[in-house]
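Asks: My structure is stored as my_file.cif, with mmCIF, C-alpha atoms.
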data_my_file
loop_
_atom_site.label_atom_id
_atom_site.label_comp_id
_atom_site.auth_asym_id
_atom_site.auth_seq_id
_atom_site.Cartn_x
_atom_site.Cartn_y
_atom_site.Cartn_z
CA MET W 250 0.00 0.00 0.00
CA GLN W 251 0.93 3.68 -0.15
CA ALA W 252 1.44 5.57 3.11
CA VAL W 253 2.69 8.84 4.53
CA LYS W 254 5.88 8.07 6.47
CA PHE W 255 9.13 9.40 7.85
CA THR W 256 12.28 7.57 8.90
CA ASP W 257 13.73 10.34 11.07
CA HIS W 258 12.56 13.44 12.91
CA GLY W 259 13.06 16.84 11.34
CA ASP W 260 11.53 19.45 9.04
CA THR W 261 8.87 18.77 6.44
CA ASP W 262 11.48 17.35 4.05
CA VAL W 263 11.55 14.10 6.08
CA ILE W 264 7.97 13.33 4.99
CA GLU W 265 7.54 10.79 2.19
CA TYR W 266 4.59 9.15 0.48
CA GLY W 267 5.37 5.73 -0.85
CA GLU W 268 5.19 1.98 -0.46
CA PHE W 269 4.68 0.53 3.00
CA PRO W 270 3.86 -3.03 4.10
CA ASP W 271 0.16 -3.85 4.12
CA PRO W 272 -1.19 -4.01 7.71
CA ASP W 273 -2.13 -7.39 9.17
CA PRO W 274 -4.92 -6.87 11.72
CA ALA W 275 -4.70 -8.67 15.06
CA ALA W 276 -7.63 -10.54 16.59
CA ASP W 277 -8.99 -7.39 18.27
CA GLU W 278 -8.34 -5.10 15.31
CA VAL W 279 -10.21 -3.89 12.26
CA LEU W 280 -8.68 -3.37 8.82
CA VAL W 281 -9.93 -0.02 7.48
CA ASP W 282 -9.86 1.10 3.87
CA VAL W 283 -9.00 4.73 4.60
CA LYS W 284 -10.99 7.29 2.63
CA ALA W 285 -9.70 10.45 4.34
CA GLY W 286 -7.39 11.57 7.11
CA ALA W 287 -6.91 14.91 8.85
CA LEU W 288 -3.99 16.66 10.48
CA ASN W 289 -3.60 18.14 13.95
CA HIS W 290 -0.75 20.19 15.35
CA LEU W 291 0.17 16.95 17.13
CA ASP W 292 1.36 15.65 13.75
CA VAL W 293 3.85 18.52 13.56
CA TRP W 294 5.23 17.77 17.03
CA THR W 295 5.44 14.06 16.29
CA ARG W 296 7.36 14.73 13.09
CA ARG W 297 9.77 17.05 14.90
CA GLY W 298 10.23 14.56 17.76
CA LEU W 299 8.75 14.52 21.24
CA PRO W 300 10.66 13.91 24.50
CA HIS W 301 10.35 10.43 25.98
CA ILE W 302 8.68 9.00 22.85
CA ASP W 303 10.86 6.58 20.89
CA LEU W 304 8.96 5.72 17.73
CA GLU W 305 9.44 2.62 15.63
CA MET W 306 10.74 3.83 12.26
CA PRO W 307 9.59 4.30 9.62
CA HIS W 308 6.60 5.94 11.31
CA VAL W 309 3.19 6.45 9.73
CA PRO W 310 1.56 9.53 11.32
CA GLY W 311 -2.09 10.48 11.58
CA SER W 312 -4.49 10.56 14.54
CA ASP W 313 -7.62 11.36 12.52
CA GLY W 314 -9.05 9.22 9.77
CA ALA W 315 -12.19 7.60 8.43
CA GLY W 316 -13.07 4.86 6.00
CA VAL W 317 -14.77 1.54 5.30
CA VAL W 318 -14.19 -1.70 7.21
CA GLU W 319 -12.37 -4.13 4.94
CA ALA W 320 -11.96 -7.04 7.40
CA VAL W 321 -12.21 -7.75 11.13
CA GLY W 322 -10.17 -9.83 13.56
CA ASP W 323 -11.47 -13.02 15.16
CA ARG W 324 -12.44 -11.29 18.43
CA VAL W 325 -14.22 -8.31 16.86
CA SER W 326 -18.02 -8.27 17.06
CA ARG W 327 -18.87 -4.54 16.91
CA PHE W 328 -18.07 -4.13 13.22
CA GLU W 329 -18.27 -6.05 9.98
CA PRO W 330 -17.00 -5.47 6.44
CA GLY W 331 -18.71 -2.55 4.75
CA ASP W 332 -19.28 -0.52 7.92
CA ARG W 333 -18.39 3.17 7.83
CA VAL W 334 -16.07 4.14 10.71
CA ALA W 335 -13.90 6.94 12.08
CA LEU W 336 -10.93 6.84 14.44
CA ALA W 337 -11.09 7.91 18.09
CA ALA W 338 -7.34 7.95 18.70
CA GLY W 339 -7.02 7.69 22.48
CA SER W 340 -5.25 4.46 23.51
CA TYR W 341 -5.72 2.97 26.98
CA CYS W 342 -5.07 -0.26 28.85
CA GLY W 343 -8.56 -0.97 30.23
CA GLU W 344 -7.08 -2.42 33.43
CA CYS W 345 -5.60 0.38 35.58
CA GLU W 346 -7.51 2.10 38.39
CA TYR W 347 -8.62 4.96 36.13
CA CYS W 348 -9.84 2.71 33.32
CA ARG W 349 -11.69 0.53 35.83
CA ASP W 350 -13.25 3.67 37.31
CA GLY W 351 -14.66 4.63 33.91
CA ASP W 352 -12.22 7.32 32.79
CA PRO W 353 -9.73 5.78 30.34
CA SER W 354 -8.49 9.23 29.29
CA MET W 355 -6.69 9.21 32.68
CA CYS W 356 -5.12 5.80 31.99
CA VAL W 357 -1.60 5.41 33.39
CA ARG W 358 -0.56 4.09 29.96
CA PHE W 359 -2.63 6.53 27.91
CA GLY W 360 -1.37 7.24 24.42
CA VAL W 361 -2.54 8.53 21.08
CA ILE W 362 -2.59 6.54 17.84
CA GLY W 363 -0.38 8.42 15.42
CA GLU W 364 1.71 9.93 18.21
CA HIS W 365 2.81 6.95 20.30
CA THR W 366 2.03 4.22 17.77
CA ARG W 367 1.55 3.90 14.00
CA GLY W 368 -1.13 6.22 12.64
CA VAL W 369 -3.71 6.09 9.87
CA HIS W 370 -2.47 8.35 7.06
CA SER W 371 -2.24 5.49 4.61
CA GLU W 372 -4.41 3.57 2.16
CA TYR W 373 -5.17 0.95 4.81
CA ALA W 374 -4.85 0.89 8.60
CA ALA W 375 -5.23 -1.83 11.25
CA VAL W 376 -6.96 -0.23 14.22
CA PRO W 377 -8.17 -1.67 17.56
CA ALA W 378 -11.95 -2.06 17.38
CA LYS W 379 -12.34 -0.07 20.63
CA ASN W 380 -10.84 2.95 18.82
CA LEU W 381 -13.46 3.09 16.09
CA VAL W 382 -16.85 4.81 16.05
CA PRO W 383 -19.64 4.28 13.51
CA VAL W 384 -20.18 6.97 10.89
CA PRO W 385 -23.77 7.32 9.63
CA GLU W 386 -24.64 7.26 5.96
CA GLY W 387 -24.82 10.81 4.65
CA VAL W 388 -21.82 12.06 6.62
CA ASP W 389 -19.06 12.85 4.13
CA TRP W 390 -15.56 11.44 4.63
CA GLU W 391 -14.05 14.89 5.01
CA THR W 392 -16.28 15.61 8.03
CA ALA W 393 -15.81 12.12 9.49
CA ALA W 394 -12.02 12.44 9.32
CA ALA W 395 -11.76 16.04 10.55
CA ALA W 396 -14.07 15.93 13.57
CA PRO W 397 -13.06 13.31 16.15
CA LEU W 398 -9.83 14.51 17.78
CA VAL W 399 -10.55 18.22 18.06
CA PHE W 400 -14.21 17.95 18.97
CA GLN W 401 -13.67 15.28 21.63
CA THR W 402 -10.81 17.33 23.10
CA ALA W 403 -12.83 20.55 23.21
CA TRP W 404 -15.96 18.78 24.50
CA ARG W 405 -14.28 17.15 27.48
CA MET W 406 -12.29 20.29 28.24
CA LEU W 407 -15.31 22.63 28.32
CA MET W 408 -18.25 20.43 29.29
CA ASP W 409 -16.61 18.00 31.73
CA ARG W 410 -13.37 19.44 33.09
CA GLY W 411 -14.41 23.09 32.74
CA ASP W 412 -18.12 22.64 33.58
CA VAL W 413 -19.10 25.56 31.33
CA THR W 414 -22.71 26.62 31.86
CA ALA W 415 -25.17 29.01 30.21
CA GLY W 416 -24.57 32.66 30.98
CA GLU W 417 -20.83 32.36 31.57
CA ASP W 418 -18.19 34.30 29.64
CA VAL W 419 -15.68 32.10 27.77
CA LEU W 420 -12.54 33.30 25.96
CA VAL W 421 -11.14 30.96 23.28
CA LEU W 422 -7.61 31.63 22.08
CA GLY W 423 -6.56 30.59 18.58
CA ALA W 424 -10.18 30.31 17.52
CA SER W 425 -9.31 29.61 13.88
CA GLY W 426 -7.45 26.37 14.64
CA GLY W 427 -8.84 22.86 15.02
CA VAL W 428 -9.46 22.78 18.78
CA GLY W 429 -10.19 26.51 18.81
CA HIS W 430 -13.02 26.45 16.29
CA ALA W 431 -14.52 23.39 17.99
CA ALA W 432 -14.34 25.13 21.40
CA VAL W 433 -16.12 28.22 20.05
CA GLN W 434 -19.00 26.10 18.75
CA ILE W 435 -19.27 24.07 21.96
CA ALA W 436 -19.17 27.13 24.25
CA ASP W 437 -21.83 28.81 22.12
CA HIS W 438 -23.95 25.65 22.21
CA ALA W 439 -23.66 25.62 26.03
CA GLY W 440 -25.15 29.11 26.16
CA ALA W 441 -21.98 31.02 27.04
CA THR W 442 -21.01 34.44 25.74
CA VAL W 443 -17.99 33.65 23.58
CA TYR W 444 -14.92 35.83 23.12
CA ALA W 445 -12.41 34.67 20.50
CA THR W 446 -8.94 35.72 19.34
CA GLY W 447 -7.47 35.60 15.85
CA SER W 448 -4.77 37.25 13.77
CA SER W 449 -6.65 38.54 10.72
CA ASP W 450 -10.03 39.91 9.69
CA GLU W 451 -10.71 36.68 7.81
CA LYS W 452 -9.97 34.51 10.85
CA LEU W 453 -12.06 36.75 13.11
CA GLU W 454 -14.98 36.54 10.69
CA HIS W 455 -14.57 32.76 10.73
CA ALA W 456 -14.75 32.81 14.54
CA ARG W 457 -17.96 34.87 14.39
CA ASP W 458 -19.40 32.38 11.93
CA CYS W 459 -18.62 29.58 14.40
CA GLY W 460 -20.51 31.38 17.18
CA ALA W 461 -18.20 33.98 18.74
CA ASP W 462 -19.99 37.05 20.14
CA HIS W 463 -16.85 39.20 20.45
CA VAL W 464 -13.61 38.89 18.48
CA ILE W 465 -10.15 40.29 19.22
CA ASP W 466 -7.21 40.69 16.88
CA TYR W 467 -4.38 39.69 19.20
CA GLU W 468 -1.78 41.13 16.84
CA ALA W 469 -3.38 44.58 16.92
CA GLU W 470 -4.15 44.81 20.65
CA ASN W 471 -3.50 43.05 23.94
CA PHE W 472 -6.29 40.53 24.32
CA ALA W 473 -6.31 40.61 28.13
CA GLU W 474 -6.77 44.40 28.16
CA ARG W 475 -9.52 44.15 25.54
CA VAL W 476 -11.32 41.42 27.49
CA ARG W 477 -11.24 43.57 30.63
CA GLU W 478 -12.65 46.46 28.62
CA LEU W 479 -15.43 44.35 27.09
CA THR W 480 -16.43 42.87 30.47
CA GLY W 481 -16.38 46.09 32.47
CA LYS W 482 -13.05 45.15 34.10
CA ARG W 483 -14.53 41.92 35.49
CA GLY W 484 -12.81 39.38 33.21
CA VAL W 485 -14.19 36.12 31.86
CA ASP W 486 -15.18 32.97 33.74
CA VAL W 487 -13.21 30.61 31.51
CA VAL W 488 -10.18 30.88 29.21
CA VAL W 489 -9.40 28.10 26.73
CA ASP W 490 -5.63 28.27 26.15
CA HIS W 491 -3.96 25.64 23.99
CA VAL W 492 -1.27 28.11 22.88
CA GLY W 493 0.98 27.89 25.94
CA ALA W 494 3.96 30.04 26.84
CA ALA W 495 3.21 32.97 24.52
CA THR W 496 -0.26 33.63 25.98
CA TRP W 497 -0.19 32.21 29.51
CA THR W 498 0.31 35.46 31.45
CA ASP W 499 -2.42 37.28 29.53
CA SER W 500 -4.74 34.29 29.86
CA LEU W 501 -4.48 34.49 33.66
CA ALA W 502 -4.96 38.27 33.48
CA SER W 503 -8.18 37.77 31.47
CA LEU W 504 -9.89 35.76 34.22
CA ALA W 505 -12.44 37.02 36.70
CA LYS W 506 -12.04 36.08 40.35
CA GLY W 507 -12.66 32.35 40.72
CA GLY W 508 -12.11 31.83 36.99
CA ARG W 509 -10.88 28.66 35.28
CA LEU W 510 -8.01 28.41 32.81
CA LEU W 511 -8.47 25.30 30.65
CA THR W 512 -5.50 23.89 28.77
CA CYS W 513 -5.09 20.93 26.41
CA GLY W 514 -1.87 21.90 24.65
CA ALA W 515 1.07 24.26 24.38
CA THR W 516 1.94 24.95 20.75
CA THR W 517 4.29 27.83 21.65
CA GLY W 518 6.05 25.97 24.44
CA PRO W 519 5.25 24.16 27.69
CA SER W 520 7.13 26.24 30.27
CA PRO W 521 5.70 29.76 30.68
CA GLU W 522 6.36 32.20 33.48
CA THR W 523 3.29 32.23 35.70
CA ASP W 524 1.89 34.76 38.15
CA ILE W 525 1.37 32.66 41.27
CA ASN W 526 0.19 35.70 43.23
CA ARG W 527 -2.66 36.24 40.76
CA ILE W 528 -3.63 32.57 40.95
CA PHE W 529 -4.00 32.39 44.73
CA TRP W 530 -5.23 35.95 45.32
CA ASN W 531 -7.98 35.65 42.70
CA GLN W 532 -8.59 31.99 43.60
CA LEU W 533 -8.14 30.83 40.02
CA GLN W 534 -8.17 27.24 38.81
CA VAL W 535 -5.76 25.86 36.20
CA ILE W 536 -7.32 22.72 34.72
CA GLY W 537 -5.68 20.33 32.30
CA SER W 538 -7.58 18.12 29.89
CA THR W 539 -6.55 15.42 27.41
CA MET W 540 -8.72 13.80 24.73
CA ALA W 541 -11.97 12.22 26.05
CA THR W 542 -13.69 9.08 27.27
CA PRO W 543 -15.44 6.81 24.73
CA GLY W 544 -18.80 8.02 26.03
CA GLN W 545 -17.80 11.66 25.60
CA VAL W 546 -16.59 10.90 22.08
CA ASP W 547 -19.99 9.39 21.28
CA ASP W 548 -21.83 12.37 22.79
CA VAL W 549 -20.01 15.05 20.83
CA LEU W 550 -19.85 13.15 17.54
CA GLU W 551 -23.62 12.67 17.61
CA LEU W 552 -23.81 16.48 17.50
CA VAL W 553 -21.35 16.54 14.60
CA TRP W 554 -23.18 13.87 12.66
CA ASP W 555 -26.54 15.67 13.04
CA GLY W 556 -25.07 18.99 11.92
CA THR W 557 -25.18 20.84 15.25
CA PHE W 558 -21.39 21.21 15.09
CA GLU W 559 -19.47 21.64 11.85
CA PRO W 560 -15.76 20.87 11.47
CA ARG W 561 -14.38 23.51 9.13
CA THR W 562 -11.74 22.61 6.56
CA ARG W 563 -9.03 24.94 5.29
CA ALA W 564 -7.74 22.58 2.59
CA VAL W 565 -8.15 19.09 1.13
CA LEU W 566 -4.90 17.68 -0.27
CA PRO W 567 -3.68 14.33 -1.61
CA MET W 568 -1.60 12.40 0.92
CA SER W 569 1.39 12.83 -1.38
CA GLU W 570 1.24 16.54 -0.44
CA THR W 571 1.27 15.96 3.32
CA ALA W 572 4.45 18.03 3.66
CA ARG W 573 2.48 21.01 2.36
CA ALA W 574 -0.28 20.23 4.87
CA HIS W 575 2.29 20.41 7.68
CA GLU W 576 3.50 23.77 6.38
CA MET W 577 -0.04 25.13 6.49
CA LEU W 578 -0.33 24.23 10.17
CA GLU W 579 3.11 25.56 11.08
CA ASN W 580 2.54 28.84 9.23
CA ARG W 581 -1.01 29.24 10.60
CA GLU W 582 -2.43 29.55 7.09
CA GLY W 583 -6.21 29.67 6.93
CA PHE W 584 -8.60 28.25 9.50
CA GLY W 585 -10.03 24.87 10.43
CA LYS W 586 -8.63 21.42 9.66
CA VAL W 587 -6.39 20.20 6.84
CA VAL W 588 -7.70 16.97 5.30
CA VAL W 589 -5.55 14.53 3.32
CA ILE W 590 -6.92 11.92 0.92
CA PRO W 591 -5.08 8.78 -0.30
CA ASP W 592 -3.96 9.53 -3.83
CA SER W 593 -5.71 6.37 -5.02
CA GLU W 594 -9.06 7.86 -3.88
CA LEU W 595 -8.67 10.97 -6.05
#
How would this structure read if it were set down as structure tokens?

Replies:
Amino acid sequence: MQAVKFTDHGDTDVIEYGEFPDPDPAADEVLVDVKAGALNHLDVWTRRGLPHIDLEMPHVPGSDGAGVVEAVGDRVSRFEPGDRVALAAGSYCGECEYCRDGDPSMCVRFGVIGEHTRGVHSEYAAVPAKNLVPVPEGVDWETAAAAPLVFQTAWRMLMDRGDVTAGEDVLVLGASGGVGHAAVQIADHAGATVYATGSSDEKLEHARDCGADHVIDYEAENFAERVRELTGKRGVDVVVDHVGAATWTDSLASLAKGGRLLTCGATTGPSPETDINRIFWNQLQVIGSTMATPGQVDDVLELVWDGTFEPRTRAVLPMSETARAHEMLENREGFGKVVVIPDSEL
């Protein structure tokens, strides 16, 4: 088969698209004929190399994908050939105290398909049956591939970990990105007043279209000062910050007393300076969140499948142009997800 792959970490020039051994599904796995994949910033970090993760090379990336079941292993009963499926990439043991308590996203051996193990940006992929969700007829492959990772991440972060409720003020940073545009839609759906940041008129208009009530060009003005102005110096109840070091101080400064800072990533770096005095004096909460439970995945994807939420796409490219897809993410070109299609499907 043909697959996206790299044999070493580095810049986009390490990415290839070429022959790779056909996958042989294990007894608990499903062989998927991949119709579409989608990128996340995680793919960029994986390509560059992450601390403490020693990948088997060559590595096939990709934590988002969708397609048709080609075959199933002997122990698989949930799916059969011909079923339409999408990947829910969180990997967990099912045996530790957190898994047994019903929250596998807290698993002591939690990982992400495509980051810790071989991904799905290939013509075929062997995937554990527990990591697949059904895709209804009528849902296009682009939507099915683009939605799962970012919408599950934003859903758990806001609705479970952040406990966002109607009437609250929520600030979403990087609202034109994958998680950002999902978070705007989810916060709006929850009944919050949504503030969103972006770096161009086009991206701010996109945020409005996703449900933002107020938009802020963070390159033209300090977003924390603008938030204080818009809220009568009060601040917002919740900040969604997946940017990291570059925005951390202003995220804390944007919060009202008792506010919650929600984080699921750190694209500009993981080690910011932090104002501890502000945290304890204003009794703020800093809350981390990673991926979602299978039940939470089902809950949010039902709202994607029925059209309540809409994953936006900035580009659809053949898998042979995955290097260009990485560049789009790194250069913050456009808004929404980048989808890649096996060349044989085009």

Asks: Return the single residue from W:Glu570, W:Asp466, W:Glu576, W:Asp262 that is closest to Asp592 of chain W, with distances computed using all atoms listed in the file.

Replies: W:Glu570

Asks: What is the distance, in Å and to one decimal place, between atom CA of Tyr341 of chain W and atom CA of Thr539 of chain W?

Replies: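 We find that atom CA of Tyr341 of chain W and atom CA of Thr539 of chain W lie 12.5 Å from each other.
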
Asks: So how many Å separate atom CA of Val553 of chain W and atom CA of Val587 of chain W, to one decimal?

Replies: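 Here the two named atoms are 17.2 Å from each other.
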
Asks: Taking into account all atoms listed in the file, which residue in the set W:Leu510, W:Trp497, W:Asp548, W:Arg333 is nearest to Gly387 of chain W?

Replies: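 That would be W:Arg333, the residue with the smallest distance to Gly387 of chain W.
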
Asks: Identify, on the basis of all atoms listed in the file, every residue whose closest approach to Leu381 of chain W does not exceed 6 Å; exclude the query and any residue fewer than 3 positions from it along the same chain; express the result as a PyMOL selection string.

Replies: chain W and resi 335-337+378

Asks: May I have the selected residues written with C-alpha atoms, as a tab-separated table (two decimals), keeping the file's coordinate frame?

Replies:
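The resulting file, out_10.tsv, is shown below:
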chain	number	residue	atom	x	y	z
W	335	ALA	CA	-13.90	6.94	12.08
W	336	LEU	CA	-10.93	6.84	14.44
W	337	ALA	CA	-11.09	7.91	18.09
W	378	ALA	CA	-11.95	-2.06	17.38

Asks: Is there a way to get, as a PyMOL selection string, all residues within 9 Å of the point (-13.2, 21.0, 25.5) in file coordinates, counting all atoms listed in the file?

Replies: chain W and resi 399-411+428+431-432+435-436+489+511-513+538-541

Asks: Rank W:Ile590, W:Leu552, W:Val382, W:Val492 by their smallest atom-to-atom distance to His370 of chain W, using only C-alpha atoms, and report the top residue only.

Replies: W:Ile590

Asks: For a test of reading the model, state the distance in Å between atom CA of Val369 of chain W and atom CA of Gly311 of chain W, rounded to one decimal.

Replies: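 Atom CA of Val369 of chain W sits 5.0 Å away from atom CA of Gly311 of chain W.
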
Asks: Please, what is the axis-aligned box for every listed atom of segment 301-306 of chain W with 4 Å on each side, as centre and edge lengths in Å to one decimal, as JSON?

Replies:
{"center_x": 9.8, "center_y": 6.5, "center_z": 19.1, "size_x": 10.2, "size_y": 15.8, "size_z": 21.7}

Asks: Counting all atoms listed in the file, what is within 12 Å of Arg457 of chain W, bar same-chain residues fewer than 4 positions away, as a VMD selection string?

Replies: chain W and resid 421 424 to 425 430 433 to 434 437 442 to 447 450 to 453 461 to 465

Asks: I need the residue set behind the PyMOL selection byres ((chain W and resi 503) around 12) for this file; please write it as a tab-separated table (two decimals) with C-alpha atoms, in the coordinates of the input.

Replies:
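The resulting selection07.tsv:
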chain	number	residue	atom	x	y	z
W	418	ASP	CA	-18.19	34.30	29.64
W	419	VAL	CA	-15.68	32.10	27.77
W	420	LEU	CA	-12.54	33.30	25.96
W	421	VAL	CA	-11.14	30.96	23.28
W	422	LEU	CA	-7.61	31.63	22.08
W	444	TYR	CA	-14.92	35.83	23.12
W	471	ASN	CA	-3.50	43.05	23.94
W	472	PHE	CA	-6.29	40.53	24.32
W	473	ALA	CA	-6.31	40.61	28.13
W	474	GLU	CA	-6.77	44.40	28.16
W	475	ARG	CA	-9.52	44.15	25.54
W	476	VAL	CA	-11.32	41.42	27.49
W	477	ARG	CA	-11.24	43.57	30.63
W	478	GLU	CA	-12.65	46.46	28.62
W	479	LEU	CA	-15.43	44.35	27.09
W	480	THR	CA	-16.43	42.87	30.47
W	481	GLY	CA	-16.38	46.09	32.47
W	482	LYS	CA	-13.05	45.15	34.10
W	483	ARG	CA	-14.53	41.92	35.49
W	484	GLY	CA	-12.81	39.38	33.21
W	485	VAL	CA	-14.19	36.12	31.86
W	486	ASP	CA	-15.18	32.97	33.74
W	487	VAL	CA	-13.21	30.61	31.51
W	488	VAL	CA	-10.18	30.88	29.21
W	489	VAL	CA	-9.40	28.10	26.73
W	490	ASP	CA	-5.63	28.27	26.15
W	496	THR	CA	-0.26	33.63	25.98
W	497	TRP	CA	-0.19	32.21	29.51
W	498	THR	CA	0.31	35.46	31.45
W	499	ASP	CA	-2.42	37.28	29.53
W	500	SER	CA	-4.74	34.29	29.86
W	501	LEU	CA	-4.48	34.49	33.66
W	502	ALA	CA	-4.96	38.27	33.48
W	504	LEU	CA	-9.89	35.76	34.22
W	505	ALA	CA	-12.44	37.02	36.70
W	506	LYS	CA	-12.04	36.08	40.35
W	507	GLY	CA	-12.66	32.35	40.72
W	508	GLY	CA	-12.11	31.83	36.99
W	509	ARG	CA	-10.88	28.66	35.28
W	510	LEU	CA	-8.01	28.41	32.81
W	527	ARG	CA	-2.66	36.24	40.76
W	528	ILE	CA	-3.63	32.57	40.95
W	531	ASN	CA	-7.98	35.65	42.70
W	533	LEU	CA	-8.14	30.83	40.02

Asks: Using only C-alpha atoms, which of the listed residues (W:Gly583, W:Val361, W:Val565, W:Ala276) sits closest to Glu454 of chain W?

Replies: W:Gly583

Asks: Kindly indicate which residue among W:Ala415, W:His308, W:Tyr347, W:Asp323 lies nearest to Ile362 of chain W, using all atoms listed in the file for the distances.

Replies: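 Of the candidates, the smallest distance to Ile362 of chain W is held by W:His308.
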
Asks: Using only C-alpha atoms for the distances, tell me which of W:Ala441, W:Val546, W:Leu595, W:Met568 is nearest to Pro310 of chain W.

Replies: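 Looking at the shortest contact to Pro310 of chain W, the residue is W:Met568.
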
Asks: What does the PyMOL selection byres ((chain W and resi 324) around 9) select in this file, as a PyMOL selection string?

Replies: chain W and resi 275-278+321-323+325-326

Asks: If the PyMOL selection byres ((chain W and resi 574) around 12) is run on the structure shown, which residues does it catch, given as a ChimeraX atom specification?

Replies: /W:253,261,264,286-290,292-293,311,562-573,575-583,586-590
